[in-house]
Amino acid sequence: MIERIVIIDNVDPVSFYGVNNCNMQLIRNLFPKLRVAARGSVIKVIGDEQETAEFEKKVRELEDYCTKYNKLTEDVILDVVRGEGARDVKPDGVIIYGINGKPISARTPNQQRLVEAFSKSDLTFALGPAGTGKTYTAIALAVRALKNRETRKIILSRPAVEAGEKLGFLPGDMKDKIDPYLQPLYDALEDMIPAVKLKEYMETKVIQIAPLAFMRGRTLNDAIIVLDEAQNTTTHQIKMFLTRLGMNAKMIITGDVTQIDLPRSTTSGLVQALRVLRDVPGISRIEFGKKDIVRHALVQRIVEAYEHFDEEQKEQRETAAVATEGDVEPAAQ
């Protein structure tokens with residue numbers, strides 16, 4: 001009789017063990033000759049050496065499946081333990097499987113172009129209106145790379161700029177003050193990674209979420225880096241951020257140049273960067289449009305209405321400018 005310790009550190013124990021430990025109970029029943037005890041991420045098994053080795057092998061297969069799909073079902077456990085193997089069904093376009101096995105896919109042609117650009121370029125700009133899934137897709141690609149052990153960490157950042165409001169002094173410590181600006185990034189991660197595992201990643205800094213100002217002086221190696229709302233960076237900020245790119249790292253910059261919240265006199269760093277880097281090789285640029293909007297159907301209509309309004313305002317300004325020029329008397333000879 002030997003004792004073997006199996007540590008399932010790549011998966012959320014709650015997803016692995018199941019509701020009321022139903023998955024673990026099934027595994028115990030399928031190995032009746034072994035004594036199995038599980039607590040947290042540690043499974044202790046006592047029995048014959050060959051049987052405990054087989055137990056660990058099957059648990060590793062189940063762990064890999066649960067890591068990939070974020071769920072573990074009775075059918076999968078039975079198939080793996082009986083030697084039939086887990087059925088690997090992956091519909092076209094799936095990037096990763098989120099909470100409870102929900103498939104997260106590229107839902108529009110431009111989202112699929114972003115997926116393809118990420119695989120071939122180390123720096124990708126994803127541009128377009130709100131609701132097109134730019135940031136969500138970018139974070140899904142980062143999580144996939146982390147799950148596949150293609151990167152060691154994920155770094156998500158945003159400029160801390162109010163959307164047309166002056167919020168004043170926020171209460172609390174530094175984290176309390178900056179979290180409201182970064183909440184959309186947390187929301188996306190919570191869709192993709194179980195809460196226990198996400199908390200662990202945050203505590204160990206495998207996933208880091210920080211405002212843009214905290215990036216200065218860093219070299220970001222072995223990382224997937226996402227800068228969201230880049231239209232609200234200044235020219236100095238985005239240059240600083242772009243030059244953080246280190247070895248074995250990839251960067252995705254997302255933004256919407258029609259929603260700039262900077263003071264009128266300040267040039268958007270994103271607008272300038274797109275102009276400066278337009279001929280630099282190795283950089284991809286994906287332009288999302290209103291047809292890519294995947295939120296409520298009204299969002300697309302709202303975007304179209306504002307585009308129409310902006311065009312009318314531009315035409316009125318141009319007409320007024322021409323009329324003003326026509327009213328100016330020629331200078332005396």
# chains A, B, ... in the order shown; residues from 1 in each chain; ligands from 1
call {"tool": "residues_around", "arguments": {"residues": "Gln111 (chain A)", "least_positions_apart": "2", "cutoff": "9 Å", "atoms": "only C-alpha atoms", "output": "list of chain:residue names"}}
result
A:Ser105, A:Ala106, A:Arg107, A:Thr108, A:Pro109, A:Arg113, A:Leu114, A:Val115, A:Glu116, A:Thr132, A:Gly133, A:Lys134, A:Thr137, A:Ile286, A:Phe288, A:Asp292
call {"tool": "write_last_selection", "arguments": {"atoms": "N, CA, C and O atoms", "output": "PDB file, in the first residue's frame"}}
result
ATOM      1  N   SER A 105     -16.993  32.764 -28.600  1.00  0.00           N
ATOM      2  CA  SER A 105     -16.610  32.642 -30.004  1.00  0.00           C
ATOM      3  C   SER A 105     -16.414  34.007 -30.644  1.00  0.00           C
ATOM      4  O   SER A 105     -16.865  35.030 -30.131  1.00  0.00           O
ATOM      5  N   ALA A 106     -15.740  33.991 -31.792  1.00  0.00           N
ATOM      6  CA  ALA A 106     -15.707  35.164 -32.663  1.00  0.00           C
ATOM      7  C   ALA A 106     -17.062  35.232 -33.364  1.00  0.00           C
ATOM      8  O   ALA A 106     -17.412  34.356 -34.143  1.00  0.00           O
ATOM      9  N   ARG A 107     -17.846  36.263 -33.050  1.00  0.00           N
ATOM     10  CA  ARG A 107     -19.242  36.311 -33.512  1.00  0.00           C
ATOM     11  C   ARG A 107     -19.422  37.116 -34.788  1.00  0.00           C
ATOM     12  O   ARG A 107     -20.510  37.111 -35.371  1.00  0.00           O
ATOM     13  N   THR A 108     -18.402  37.829 -35.217  1.00  0.00           N
ATOM     14  CA  THR A 108     -18.502  38.605 -36.456  1.00  0.00           C
ATOM     15  C   THR A 108     -17.223  38.391 -37.262  1.00  0.00           C
ATOM     16  O   THR A 108     -16.201  37.962 -36.724  1.00  0.00           O
ATOM     17  N   PRO A 109     -17.255  38.696 -38.573  1.00  0.00           N
ATOM     18  CA  PRO A 109     -16.047  38.552 -39.387  1.00  0.00           C
ATOM     19  C   PRO A 109     -14.856  39.344 -38.850  1.00  0.00           C
ATOM     20  O   PRO A 109     -13.714  38.867 -38.890  1.00  0.00           O
ATOM     21  N   ARG A 113     -11.163  38.249 -37.643  1.00  0.00           N
ATOM     22  CA  ARG A 113      -9.928  38.849 -38.158  1.00  0.00           C
ATOM     23  C   ARG A 113      -8.995  39.232 -37.002  1.00  0.00           C
ATOM     24  O   ARG A 113      -7.768  39.121 -37.125  1.00  0.00           O
ATOM     25  N   LEU A 114      -9.581  39.672 -35.893  1.00  0.00           N
ATOM     26  CA  LEU A 114      -8.763  39.988 -34.720  1.00  0.00           C
ATOM     27  C   LEU A 114      -8.097  38.729 -34.183  1.00  0.00           C
ATOM     28  O   LEU A 114      -6.922  38.744 -33.811  1.00  0.00           O
ATOM     29  N   VAL A 115      -8.835  37.620 -34.150  1.00  0.00           N
ATOM     30  CA  VAL A 115      -8.259  36.334 -33.717  1.00  0.00           C
ATOM     31  C   VAL A 115      -7.086  35.953 -34.609  1.00  0.00           C
ATOM     32  O   VAL A 115      -6.012  35.547 -34.131  1.00  0.00           O
ATOM     33  N   GLU A 116      -7.256  36.101 -35.911  1.00  0.00           N
ATOM     34  CA  GLU A 116      -6.195  35.735 -36.859  1.00  0.00           C
ATOM     35  C   GLU A 116      -5.010  36.694 -36.760  1.00  0.00           C
ATOM     36  O   GLU A 116      -3.850  36.261 -36.828  1.00  0.00           O
ATOM     37  N   THR A 132     -18.770  46.389 -30.141  1.00  0.00           N
ATOM     38  CA  THR A 132     -18.329  45.502 -31.217  1.00  0.00           C
ATOM     39  C   THR A 132     -17.504  44.320 -30.710  1.00  0.00           C
ATOM     40  O   THR A 132     -17.080  43.480 -31.505  1.00  0.00           O
ATOM     41  N   GLY A 133     -17.266  44.253 -29.408  1.00  0.00           N
ATOM     42  CA  GLY A 133     -16.559  43.102 -28.836  1.00  0.00           C
ATOM     43  C   GLY A 133     -15.054  43.175 -28.955  1.00  0.00           C
ATOM     44  O   GLY A 133     -14.369  42.155 -28.816  1.00  0.00           O
ATOM     45  N   LYS A 134     -14.514  44.357 -29.172  1.00  0.00           N
ATOM     46  CA  LYS A 134     -13.050  44.506 -29.316  1.00  0.00           C
ATOM     47  C   LYS A 134     -12.329  44.043 -28.060  1.00  0.00           C
ATOM     48  O   LYS A 134     -11.444  43.172 -28.110  1.00  0.00           O
ATOM     49  N   THR A 137     -13.065  40.244 -26.977  1.00  0.00           N
ATOM     50  CA  THR A 137     -12.323  39.291 -27.793  1.00  0.00           C
ATOM     51  C   THR A 137     -10.843  39.316 -27.445  1.00  0.00           C
ATOM     52  O   THR A 137     -10.192  38.259 -27.358  1.00  0.00           O
ATOM     53  N   ILE A 286      -7.250  46.248 -37.228  1.00  0.00           N
ATOM     54  CA  ILE A 286      -8.589  45.744 -37.531  1.00  0.00           C
ATOM     55  C   ILE A 286      -9.596  46.858 -37.286  1.00  0.00           C
ATOM     56  O   ILE A 286      -9.644  47.430 -36.199  1.00  0.00           O
ATOM     57  N   PHE A 288     -13.341  47.784 -36.859  1.00  0.00           N
ATOM     58  CA  PHE A 288     -14.694  47.309 -36.588  1.00  0.00           C
ATOM     59  C   PHE A 288     -15.697  48.379 -37.023  1.00  0.00           C
ATOM     60  O   PHE A 288     -15.397  49.581 -36.978  1.00  0.00           O
ATOM     61  N   ASP A 292     -20.685  45.186 -36.670  1.00  0.00           N
ATOM     62  CA  ASP A 292     -20.066  44.247 -35.730  1.00  0.00           C
ATOM     63  C   ASP A 292     -20.650  44.350 -34.325  1.00  0.00           C
ATOM     64  O   ASP A 292     -20.265  43.592 -33.431  1.00  0.00           O
TER      65      ASP A 292
END
call {"tool": "residues_around", "arguments": {"residues": "Ala249 (chain A)", "least_positions_apart": "6", "cutoff": "7 Å", "atoms": "only C-alpha atoms", "output": "list of chain:residue names"}}
result
A:Asp122, A:Asn221, A:Asp222, A:Ala223, A:Ile224
call {"tool": "write_last_selection", "arguments": {"atoms": "N, CA, C and O atoms", "output": "PDB file, in the first residue's frame"}}
result
ATOM      1  N   ASP A 122       2.620  40.758 -33.311  1.00  0.00           N
ATOM      2  CA  ASP A 122       2.892  41.018 -31.893  1.00  0.00           C
ATOM      3  C   ASP A 122       2.209  42.288 -31.397  1.00  0.00           C
ATOM      4  O   ASP A 122       2.096  42.504 -30.197  1.00  0.00           O
ATOM      5  N   ASN A 221       7.768  41.313 -20.322  1.00  0.00           N
ATOM      6  CA  ASN A 221       8.197  40.097 -21.004  1.00  0.00           C
ATOM      7  C   ASN A 221       7.204  38.965 -20.747  1.00  0.00           C
ATOM      8  O   ASN A 221       6.515  38.951 -19.726  1.00  0.00           O
ATOM      9  N   ASP A 222       7.157  37.993 -21.665  1.00  0.00           N
ATOM     10  CA  ASP A 222       6.346  36.777 -21.486  1.00  0.00           C
ATOM     11  C   ASP A 222       4.916  37.121 -21.060  1.00  0.00           C
ATOM     12  O   ASP A 222       4.392  36.559 -20.092  1.00  0.00           O
ATOM     13  N   ALA A 223       4.300  38.038 -21.765  1.00  0.00           N
ATOM     14  CA  ALA A 223       2.982  38.523 -21.345  1.00  0.00           C
ATOM     15  C   ALA A 223       2.106  38.822 -22.555  1.00  0.00           C
ATOM     16  O   ALA A 223       2.600  39.106 -23.654  1.00  0.00           O
ATOM     17  N   ILE A 224       0.794  38.750 -22.321  1.00  0.00           N
ATOM     18  CA  ILE A 224      -0.185  39.288 -23.259  1.00  0.00           C
ATOM     19  C   ILE A 224      -0.692  40.584 -22.633  1.00  0.00           C
ATOM     20  O   ILE A 224      -1.193  40.578 -21.510  1.00  0.00           O
TER      21      ILE A 224
END
call {"tool": "atom_distance", "arguments": {"atom1": "CA of Glu229 (chain A)", "atom2": "CA of Gly255 (chain A)"}}
result
4.6 Å
call {"tool": "residues_around", "arguments": {"residues": "Asp191 (chain A)", "least_positions_apart": "3", "cutoff": "12 Å", "atoms": "only C-alpha atoms", "output": "ChimeraX atom specification"}}
result
/A:70,96-104,136-137,139-140,143,184-188,194-195,198
call {"tool": "select_by_dssp", "arguments": {"residues": "region 34-86 of chain A", "states": "alpha helix (DSSP H)", "output": "list in words"}}
result
Glu49, Gln50, Glu51, Thr52, Ala53, Glu54, Phe55, Glu56, Lys57, Lys58, Val59, Arg60, Glu61, Leu62, Glu63, Asp64, Tyr65, Cys66, Thr67, Lys68, Tyr69, Glu74, Asp75, Val76, Ile77, Leu78, Asp79, Val80 and Val81 of chain A
call {"tool": "closest_residue", "arguments": {"among": "A:Ile252, A:Ile77, A:Thr124, A:Ile43", "to": "Ser284 (chain A)", "atoms": "only C-alpha atoms"}}
result
A:Thr124
call {"tool": "closest_atom_pairs", "arguments": {"of": "region 209-239 of chain A", "to": "region 148-162 of chain A", "cutoff": "6 Å", "atoms": "only C-alpha atoms", "output": "Markdown table"}}
result
| residue | atom | partner | partner_atom | distance |
| --- | --- | --- | --- | --- |
| A:Ile209 | CA | A:Leu156 | CA | 4.8 |
| A:Ala210 | CA | A:Ser157 | CA | 5.1 |
| A:Pro211 | CA | A:Arg158 | CA | 5.1 |
| A:Leu212 | CA | A:Pro159 | CA | 4.9 |
| A:Asp222 | CA | A:Thr151 | CA | 5.5 |
| A:Ala223 | CA | A:Lys153 | CA | 4.9 |
| A:Ile224 | CA | A:Ile154 | CA | 4.9 |
| A:Ile225 | CA | A:Ile155 | CA | 4.7 |
| A:Val226 | CA | A:Leu156 | CA | 4.9 |
| A:Leu227 | CA | A:Ser157 | CA | 4.9 |
| A:Asp228 | CA | A:Arg158 | CA | 5.1 |
call {"tool": "closest_residue", "arguments": {"among": "A:Leu141, A:Val196, A:Ile27, A:Val42", "to": "Asp12 (chain A)", "atoms": "only C-alpha atoms"}}
result
A:Val196
call {"tool": "residues_around", "arguments": {"residues": "Thr219 (chain A)", "least_positions_apart": "6", "cutoff": "12 Å", "atoms": "only C-alpha atoms", "output": "ChimeraX atom specification"}}
result
/A:155,225,240-249
call {"tool": "write_last_selection", "arguments": {"atoms": "N, CA and C atoms", "output": "PDB file, in the first residue's frame"}}
result
ATOM      1  N   ILE A 155      -1.607  41.184 -18.707  1.00  0.00           N
ATOM      2  CA  ILE A 155      -1.585  42.540 -18.154  1.00  0.00           C
ATOM      3  C   ILE A 155      -2.642  43.358 -18.890  1.00  0.00           C
ATOM      4  N   ILE A 225      -0.544  41.677 -23.340  1.00  0.00           N
ATOM      5  CA  ILE A 225      -0.868  42.994 -22.799  1.00  0.00           C
ATOM      6  C   ILE A 225      -2.021  43.594 -23.600  1.00  0.00           C
ATOM      7  N   MET A 240       4.853  55.764 -24.376  1.00  0.00           N
ATOM      8  CA  MET A 240       5.411  55.063 -23.219  1.00  0.00           C
ATOM      9  C   MET A 240       4.904  53.635 -23.164  1.00  0.00           C
ATOM     10  N   PHE A 241       3.604  53.452 -23.383  1.00  0.00           N
ATOM     11  CA  PHE A 241       3.011  52.116 -23.274  1.00  0.00           C
ATOM     12  C   PHE A 241       3.526  51.194 -24.367  1.00  0.00           C
ATOM     13  N   LEU A 242       3.548  51.667 -25.592  1.00  0.00           N
ATOM     14  CA  LEU A 242       3.985  50.830 -26.706  1.00  0.00           C
ATOM     15  C   LEU A 242       5.422  50.364 -26.538  1.00  0.00           C
ATOM     16  N   THR A 243       6.242  51.185 -25.918  1.00  0.00           N
ATOM     17  CA  THR A 243       7.647  50.815 -25.742  1.00  0.00           C
ATOM     18  C   THR A 243       7.881  49.927 -24.519  1.00  0.00           C
ATOM     19  N   ARG A 244       6.801  49.508 -23.847  1.00  0.00           N
ATOM     20  CA  ARG A 244       6.935  48.530 -22.751  1.00  0.00           C
ATOM     21  C   ARG A 244       7.042  47.107 -23.291  1.00  0.00           C
ATOM     22  N   LEU A 245       6.720  46.885 -24.554  1.00  0.00           N
ATOM     23  CA  LEU A 245       6.662  45.544 -25.137  1.00  0.00           C
ATOM     24  C   LEU A 245       8.005  44.838 -25.020  1.00  0.00           C
ATOM     25  N   GLY A 246       7.989  43.671 -24.353  1.00  0.00           N
ATOM     26  CA  GLY A 246       9.220  42.932 -24.113  1.00  0.00           C
ATOM     27  C   GLY A 246       9.311  41.669 -24.949  1.00  0.00           C
ATOM     28  N   MET A 247      10.228  40.795 -24.569  1.00  0.00           N
ATOM     29  CA  MET A 247      10.443  39.552 -25.293  1.00  0.00           C
ATOM     30  C   MET A 247       9.282  38.591 -25.066  1.00  0.00           C
ATOM     31  N   ASN A 248       8.935  37.830 -26.111  1.00  0.00           N
ATOM     32  CA  ASN A 248       7.868  36.833 -26.047  1.00  0.00           C
ATOM     33  C   ASN A 248       6.569  37.442 -25.521  1.00  0.00           C
ATOM     34  N   ALA A 249       6.249  38.622 -26.014  1.00  0.00           N
ATOM     35  CA  ALA A 249       5.050  39.336 -25.571  1.00  0.00           C
ATOM     36  C   ALA A 249       4.236  39.761 -26.781  1.00  0.00           C
TER      37      ALA A 249
END
call {"tool": "closest_residue", "arguments": {"among": "A:Met24, A:Ala37, A:Leu62, A:Ile260", "to": "Val11 (chain A)", "atoms": "only C-alpha atoms"}}
result
A:Leu62
call {"tool": "atom_distance", "arguments": {"atom1": "CA of Leu146 (chain A)", "atom2": "CA of Cys22 (chain A)"}}
result
28.3 Å
call {"tool": "atom_distance", "arguments": {"atom1": "CA of Leu189 (chain A)", "atom2": "CA of Ile283 (chain A)"}}
result
25.6 Å
call {"tool": "closest_atom_pairs", "arguments": {"of": "region 163-257 of chain A", "to": "region 269-277 of chain A", "cutoff": "8 Å", "atoms": "only C-alpha atoms", "output": "tab-separated table"}}
result
residue	atom	partner	partner_atom	distance
A:Ala230	CA	A:Leu270	CA	5.7
A:Gln231	CA	A:Leu270	CA	5.0
A:Asn232	CA	A:Gly269	CA	7.2
A:Thr233	CA	A:Gly269	CA	5.0
A:Thr234	CA	A:Gly269	CA	4.4
A:Thr235	CA	A:Gly269	CA	3.8
A:His236	CA	A:Gly269	CA	7.1
A:Gln237	CA	A:Gly269	CA	7.0
A:Ile238	CA	A:Gly269	CA	5.5
A:Lys239	CA	A:Ala273	CA	7.7
A:Gly255	CA	A:Leu270	CA	7.6
A:Val257	CA	A:Val271	CA	7.0
call {"tool": "write_last_selection", "arguments": {"atoms": "N, CA and C atoms", "output": "PDB file, in the first residue's frame"}}
result
ATOM      1  N   ALA A 230      -7.918  53.188 -25.591  1.00  0.00           N
ATOM      2  CA  ALA A 230      -6.661  53.870 -25.917  1.00  0.00           C
ATOM      3  C   ALA A 230      -6.876  55.250 -26.510  1.00  0.00           C
ATOM      4  N   GLN A 231      -8.100  55.554 -26.969  1.00  0.00           N
ATOM      5  CA  GLN A 231      -8.360  56.895 -27.498  1.00  0.00           C
ATOM      6  C   GLN A 231      -8.208  57.960 -26.424  1.00  0.00           C
ATOM      7  N   ASN A 232      -8.236  57.556 -25.147  1.00  0.00           N
ATOM      8  CA  ASN A 232      -8.104  58.512 -24.042  1.00  0.00           C
ATOM      9  C   ASN A 232      -6.686  58.601 -23.495  1.00  0.00           C
ATOM     10  N   THR A 233      -5.724  58.099 -24.246  1.00  0.00           N
ATOM     11  CA  THR A 233      -4.321  58.291 -23.872  1.00  0.00           C
ATOM     12  C   THR A 233      -3.805  59.572 -24.515  1.00  0.00           C
ATOM     13  N   THR A 234      -2.826  60.177 -23.864  1.00  0.00           N
ATOM     14  CA  THR A 234      -2.134  61.303 -24.490  1.00  0.00           C
ATOM     15  C   THR A 234      -1.039  60.755 -25.407  1.00  0.00           C
ATOM     16  N   THR A 235      -0.446  61.611 -26.195  1.00  0.00           N
ATOM     17  CA  THR A 235       0.602  61.165 -27.114  1.00  0.00           C
ATOM     18  C   THR A 235       1.801  60.605 -26.349  1.00  0.00           C
ATOM     19  N   HIS A 236       2.138  61.198 -25.212  1.00  0.00           N
ATOM     20  CA  HIS A 236       3.267  60.697 -24.411  1.00  0.00           C
ATOM     21  C   HIS A 236       2.918  59.360 -23.763  1.00  0.00           C
ATOM     22  N   GLN A 237       1.692  59.222 -23.303  1.00  0.00           N
ATOM     23  CA  GLN A 237       1.291  57.981 -22.628  1.00  0.00           C
ATOM     24  C   GLN A 237       1.338  56.782 -23.572  1.00  0.00           C
ATOM     25  N   ILE A 238       0.794  56.929 -24.776  1.00  0.00           N
ATOM     26  CA  ILE A 238       0.744  55.756 -25.654  1.00  0.00           C
ATOM     27  C   ILE A 238       2.132  55.390 -26.158  1.00  0.00           C
ATOM     28  N   LYS A 239       2.993  56.381 -26.356  1.00  0.00           N
ATOM     29  CA  LYS A 239       4.378  56.071 -26.741  1.00  0.00           C
ATOM     30  C   LYS A 239       5.061  55.304 -25.616  1.00  0.00           C
ATOM     31  N   GLY A 255      -9.696  50.740 -29.059  1.00  0.00           N
ATOM     32  CA  GLY A 255     -10.164  52.109 -28.857  1.00  0.00           C
ATOM     33  C   GLY A 255     -11.217  52.515 -29.870  1.00  0.00           C
ATOM     34  N   VAL A 257     -12.154  56.077 -31.718  1.00  0.00           N
ATOM     35  CA  VAL A 257     -11.719  57.469 -31.888  1.00  0.00           C
ATOM     36  C   VAL A 257     -12.893  58.440 -31.933  1.00  0.00           C
TER      37      VAL A 257
END
call {"tool": "residues_around", "arguments": {"residues": "region 307-313 of chain A", "least_positions_apart": "6", "cutoff": "12 Å", "atoms": "only C-alpha atoms", "output": "JSON, numbers by chain"}}
result
{"A": [129, 258, 259, 289, 290, 300, 301, 319, 320]}
